[in-house]
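Structure first, commentary second.
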Amino acid sequence: MSGSDPGHLPEPRLIAGSDELLALAEQLSREEVVALDTESNSFHAYRERVCLLQISTPALDVIVDPLALDPRPLGPVLASRRELVLHGADYDVRCLKREYGWALPNLFDTMVAAKRLGRAQLGLAALVEAQYGVRMSKEFQRSDWGKRPLTRAQLRYAALDTRFLLPLHALLSGELAARGLMDDARREFARIAAVEPRPKVFDPEGWRKLRGARELDRDGKAILRALWIAREERASALDRPPFKVLPEQAMLEIARRKPSQEQDLDGVVGLTPNVRRRMGGALLDAARAKGQP
């Protein structure tokens with residue numbers, strides 16, 4: 001099936017077994033250009049991880065489930081001089097280096113290419129719609145990709161992130177070459193390929209950047225700092241994003257109220273029964289903080 005007809009490929013195939021993975025690696029080793037994308041669960045977990053690897057060739061779309069098997073056998077294939085096409089590759093490069101130690105020395109970033117060519121819209125959905133008249137759904141944009149089983153609709157959604165990358169690569173690389181912009185684009189691709197993962201470091205003074213923190217009095221600031229630290233500890237223990245454990249606006253309101261008993265927390269926007277249950281007694285413990293933060 002030709003990569004010039006990206007809208008009529010079969011259903012994506014889920015790779016969740018080691019034999020299938022080895023067969024895929026062998027198949028990819030015969031391809032000169034491969035499209036790649038990842039889905040992570042950063043919106044749903046404290047410690048994010050790669051939850052899907054989407055891969056397309058001119059003939060197929062596959063999705064590798066790294067929660068079901070170790071995808072490292074693909075490393076030698078993807079880290080070779082084979083050209084890998086990604087869109088907005090910076091985040092994917094960092095995630096793949098962090099989890100698997102993969103380097104992607106020969107990548108082509110369609111977002112960077114579009115920017116070099118002066119495209120007004122740089123998002124993948126906008127490029128696909130402008131070029132192919134296909135509107136990409138955003139239904140699963142905030143999906144929890146760490147949950148199993150995956151639905152057919154989720155798999156189809158995920159596959160669209162690579163299905164159009166190969167024809168876009170052919171189009172954009174041709175335009176870059178015709179306009180003498182390929183060398184500059186290649187240098188930018190190399191810079192992205194060289195980025196390193198950013199370690200997750202908690203800043204205990206990060207509360208100071210919250211809008212409204214400066215207006216608090218001394219005790220209010222001490223309470224906000226205690227809440228900030230308590231929320232991080234609870235988020236780490238629950239493996240949940242901090243903002244889902246305790247919303248920032250709720251933290252600020254508690255710091256303003258300086259509650260001394262459980263009833264004083266009633267009516268705080270965002271402080272749902274689930275949030276109060278997750279934080280336990282930490283809310284009132286933090287509210288007892290005094291002194292210079």
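All residue names refer to the structure tokens as shown: chains lettered A, B, ... in order, residues numbered from 1 in each chain, ligands numbered from 1 in order.
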
- Within 7 Å of Gln54 of chain A, counting only C-alpha atoms, which residues show up once you throw out same-chain ones fewer than 3 positions away? Write them as number ranges by chain, please. A: 36-38, 62-64, 158-159, 162

Just the selected residues (N, CA and C atoms), exported as a short mmCIF file (atom, residue, chain, number, x, y, z; two decimals), in the first residue's frame, please.
```cif
data_model
loop_
_atom_site.label_atom_id
_atom_site.label_comp_id
_atom_site.auth_asym_id
_atom_site.auth_seq_id
_atom_site.Cartn_x
_atom_site.Cartn_y
_atom_site.Cartn_z
N LEU A 36 7.69 7.51 13.59
CA LEU A 36 7.70 7.10 15.00
C LEU A 36 7.04 8.17 15.86
N ASP A 37 6.32 7.71 16.88
CA ASP A 37 5.74 8.61 17.88
C ASP A 37 5.61 7.84 19.18
N THR A 38 5.39 8.56 20.27
CA THR A 38 5.18 7.91 21.57
C THR A 38 3.97 8.54 22.26
N VAL A 62 1.71 0.06 13.15
CA VAL A 62 1.74 -0.83 14.31
C VAL A 62 1.89 0.01 15.57
N ILE A 63 1.40 -0.56 16.65
CA ILE A 63 1.53 0.07 17.96
C ILE A 63 2.14 -0.95 18.90
N VAL A 64 3.28 -0.61 19.48
CA VAL A 64 3.98 -1.49 20.41
C VAL A 64 3.56 -1.11 21.82
N ALA A 158 -4.24 6.77 18.17
CA ALA A 158 -2.79 6.80 18.33
C ALA A 158 -2.08 6.59 16.99
N ALA A 159 -2.63 5.70 16.16
CA ALA A 159 -1.99 5.40 14.87
C ALA A 159 -1.99 6.60 13.93
N THR A 162 1.22 8.76 13.42
CA THR A 162 2.33 8.39 12.52
C THR A 162 1.87 8.12 11.10
#
```

- Query: Where in segment 41-80 of chain A does DSSP assign strand (DSSP E or B), given as a ChimeraX atom specification?
  - Reply: /A:50-56,61-64

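Nearest-residue note for Asp65 of chain A: choosing from A:Ala190, A:Met111, A:Ala16, A:Val245, the minimum distance belongs to A:Ala16, counting only C-alpha atoms.
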
- Message: Please identify the helix (DSSP H, G or I) residues within segment 45-111 of chain A (assignment by DSSP from backbone atoms) and present them as an NGL selection string.
- Response: :A and (72-78 or 89-100 or 110-111)

Distance query segment 91-94 of chain A at most 10 Å, only C-alpha atoms, self and fewer than 6 positions along chain excluded, as a PDB file with N, CA and C atoms, in the first residue's frame:
```
ATOM      1  N   LEU A  36       7.686   7.508  13.593  1.00  0.00           N
ATOM      2  CA  LEU A  36       7.705   7.101  14.995  1.00  0.00           C
ATOM      3  C   LEU A  36       7.039   8.168  15.861  1.00  0.00           C
ATOM      4  N   ASP A  37       6.323   7.714  16.885  1.00  0.00           N
ATOM      5  CA  ASP A  37       5.739   8.615  17.880  1.00  0.00           C
ATOM      6  C   ASP A  37       5.607   7.840  19.184  1.00  0.00           C
ATOM      7  N   THR A  38       5.387   8.556  20.272  1.00  0.00           N
ATOM      8  CA  THR A  38       5.177   7.913  21.568  1.00  0.00           C
ATOM      9  C   THR A  38       3.971   8.535  22.264  1.00  0.00           C
ATOM     10  N   GLU A  39       3.395   7.781  23.172  1.00  0.00           N
ATOM     11  CA  GLU A  39       2.377   8.301  24.080  1.00  0.00           C
ATOM     12  C   GLU A  39       2.831   7.984  25.494  1.00  0.00           C
ATOM     13  N   SER A  40       2.812   9.006  26.353  1.00  0.00           N
ATOM     14  CA  SER A  40       3.175   8.828  27.753  1.00  0.00           C
ATOM     15  C   SER A  40       1.985   9.176  28.637  1.00  0.00           C
ATOM     16  N   VAL A  50       6.753   5.888  29.115  1.00  0.00           N
ATOM     17  CA  VAL A  50       6.254   5.672  27.765  1.00  0.00           C
ATOM     18  C   VAL A  50       5.268   4.514  27.805  1.00  0.00           C
ATOM     19  N   LEU A  53       4.334   2.955  21.705  1.00  0.00           N
ATOM     20  CA  LEU A  53       5.221   3.340  20.612  1.00  0.00           C
ATOM     21  C   LEU A  53       4.438   3.134  19.313  1.00  0.00           C
ATOM     22  N   GLY A 101      17.445   4.303  26.716  1.00  0.00           N
ATOM     23  CA  GLY A 101      18.802   4.660  26.320  1.00  0.00           C
ATOM     24  C   GLY A 101      18.983   4.761  24.821  1.00  0.00           C
ATOM     25  N   TRP A 102      17.891   4.941  24.084  1.00  0.00           N
ATOM     26  CA  TRP A 102      17.972   5.005  22.632  1.00  0.00           C
ATOM     27  C   TRP A 102      18.441   6.375  22.147  1.00  0.00           C
ATOM     28  N   ALA A 103      19.319   6.358  21.179  1.00  0.00           N
ATOM     29  CA  ALA A 103      19.687   7.568  20.452  1.00  0.00           C
ATOM     30  C   ALA A 103      19.050   7.471  19.067  1.00  0.00           C
ATOM     31  N   LEU A 104      18.607   8.598  18.557  1.00  0.00           N
ATOM     32  CA  LEU A 104      17.970   8.641  17.240  1.00  0.00           C
ATOM     33  C   LEU A 104      18.788   9.586  16.364  1.00  0.00           C
ATOM     34  N   LEU A 107      17.118  11.700  12.623  1.00  0.00           N
ATOM     35  CA  LEU A 107      15.696  12.003  12.654  1.00  0.00           C
ATOM     36  C   LEU A 107      15.350  13.166  11.718  1.00  0.00           C
ATOM     37  N   ILE A 192      18.114  18.540  18.033  1.00  0.00           N
ATOM     38  CA  ILE A 192      17.027  17.869  18.752  1.00  0.00           C
ATOM     39  C   ILE A 192      17.439  16.450  19.135  1.00  0.00           C
ATOM     40  N   ALA A 193      18.112  15.746  18.235  1.00  0.00           N
ATOM     41  CA  ALA A 193      18.556  14.379  18.523  1.00  0.00           C
ATOM     42  C   ALA A 193      19.530  14.335  19.698  1.00  0.00           C
ATOM     43  N   ALA A 194      20.210  15.453  19.969  1.00  0.00           N
ATOM     44  CA  ALA A 194      21.214  15.488  21.028  1.00  0.00           C
ATOM     45  C   ALA A 194      20.647  15.875  22.396  1.00  0.00           C
ATOM     46  N   VAL A 195      19.361  16.236  22.478  1.00  0.00           N
ATOM     47  CA  VAL A 195      18.816  16.648  23.769  1.00  0.00           C
ATOM     48  C   VAL A 195      18.848  15.483  24.747  1.00  0.00           C
ATOM     49  N   GLU A 196      18.947  15.816  26.022  1.00  0.00           N
ATOM     50  CA  GLU A 196      19.025  14.801  27.071  1.00  0.00           C
ATOM     51  C   GLU A 196      17.798  14.881  27.973  1.00  0.00           C
ATOM     52  N   PRO A 197      17.440  13.768  28.620  1.00  0.00           N
ATOM     53  CA  PRO A 197      16.289  13.785  29.529  1.00  0.00           C
ATOM     54  C   PRO A 197      16.488  14.781  30.661  1.00  0.00           C
ATOM     55  N   ARG A 198      15.401  15.376  31.090  1.00  0.00           N
ATOM     56  CA  ARG A 198      15.446  16.301  32.219  1.00  0.00           C
ATOM     57  C   ARG A 198      15.037  15.550  33.483  1.00  0.00           C
TER      58      ARG A 198
END
```

- Item | Ser29 of chain A environment, 12 Å, only C-alpha atoms, sequence neighbours closer than 5 positions dropped, as a PyMOL selection string | chain A and resi 22-24+34+57+73-83

- Item | Shell of 9 Å around Arg49 of chain A, only C-alpha atoms, local chain residues under 5 positions omitted, as a ChimeraX atom specification | /A:39-42,95,99,146

- Task: Kindly indicate which residue among A:Arg116, A:Arg278, A:Arg30, A:His44 lies nearest to Asp184 of chain A, using only C-alpha atoms for the distances.
- Result: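 Checking each candidate against Asp184 of chain A, we get A:Arg116 as the closest.
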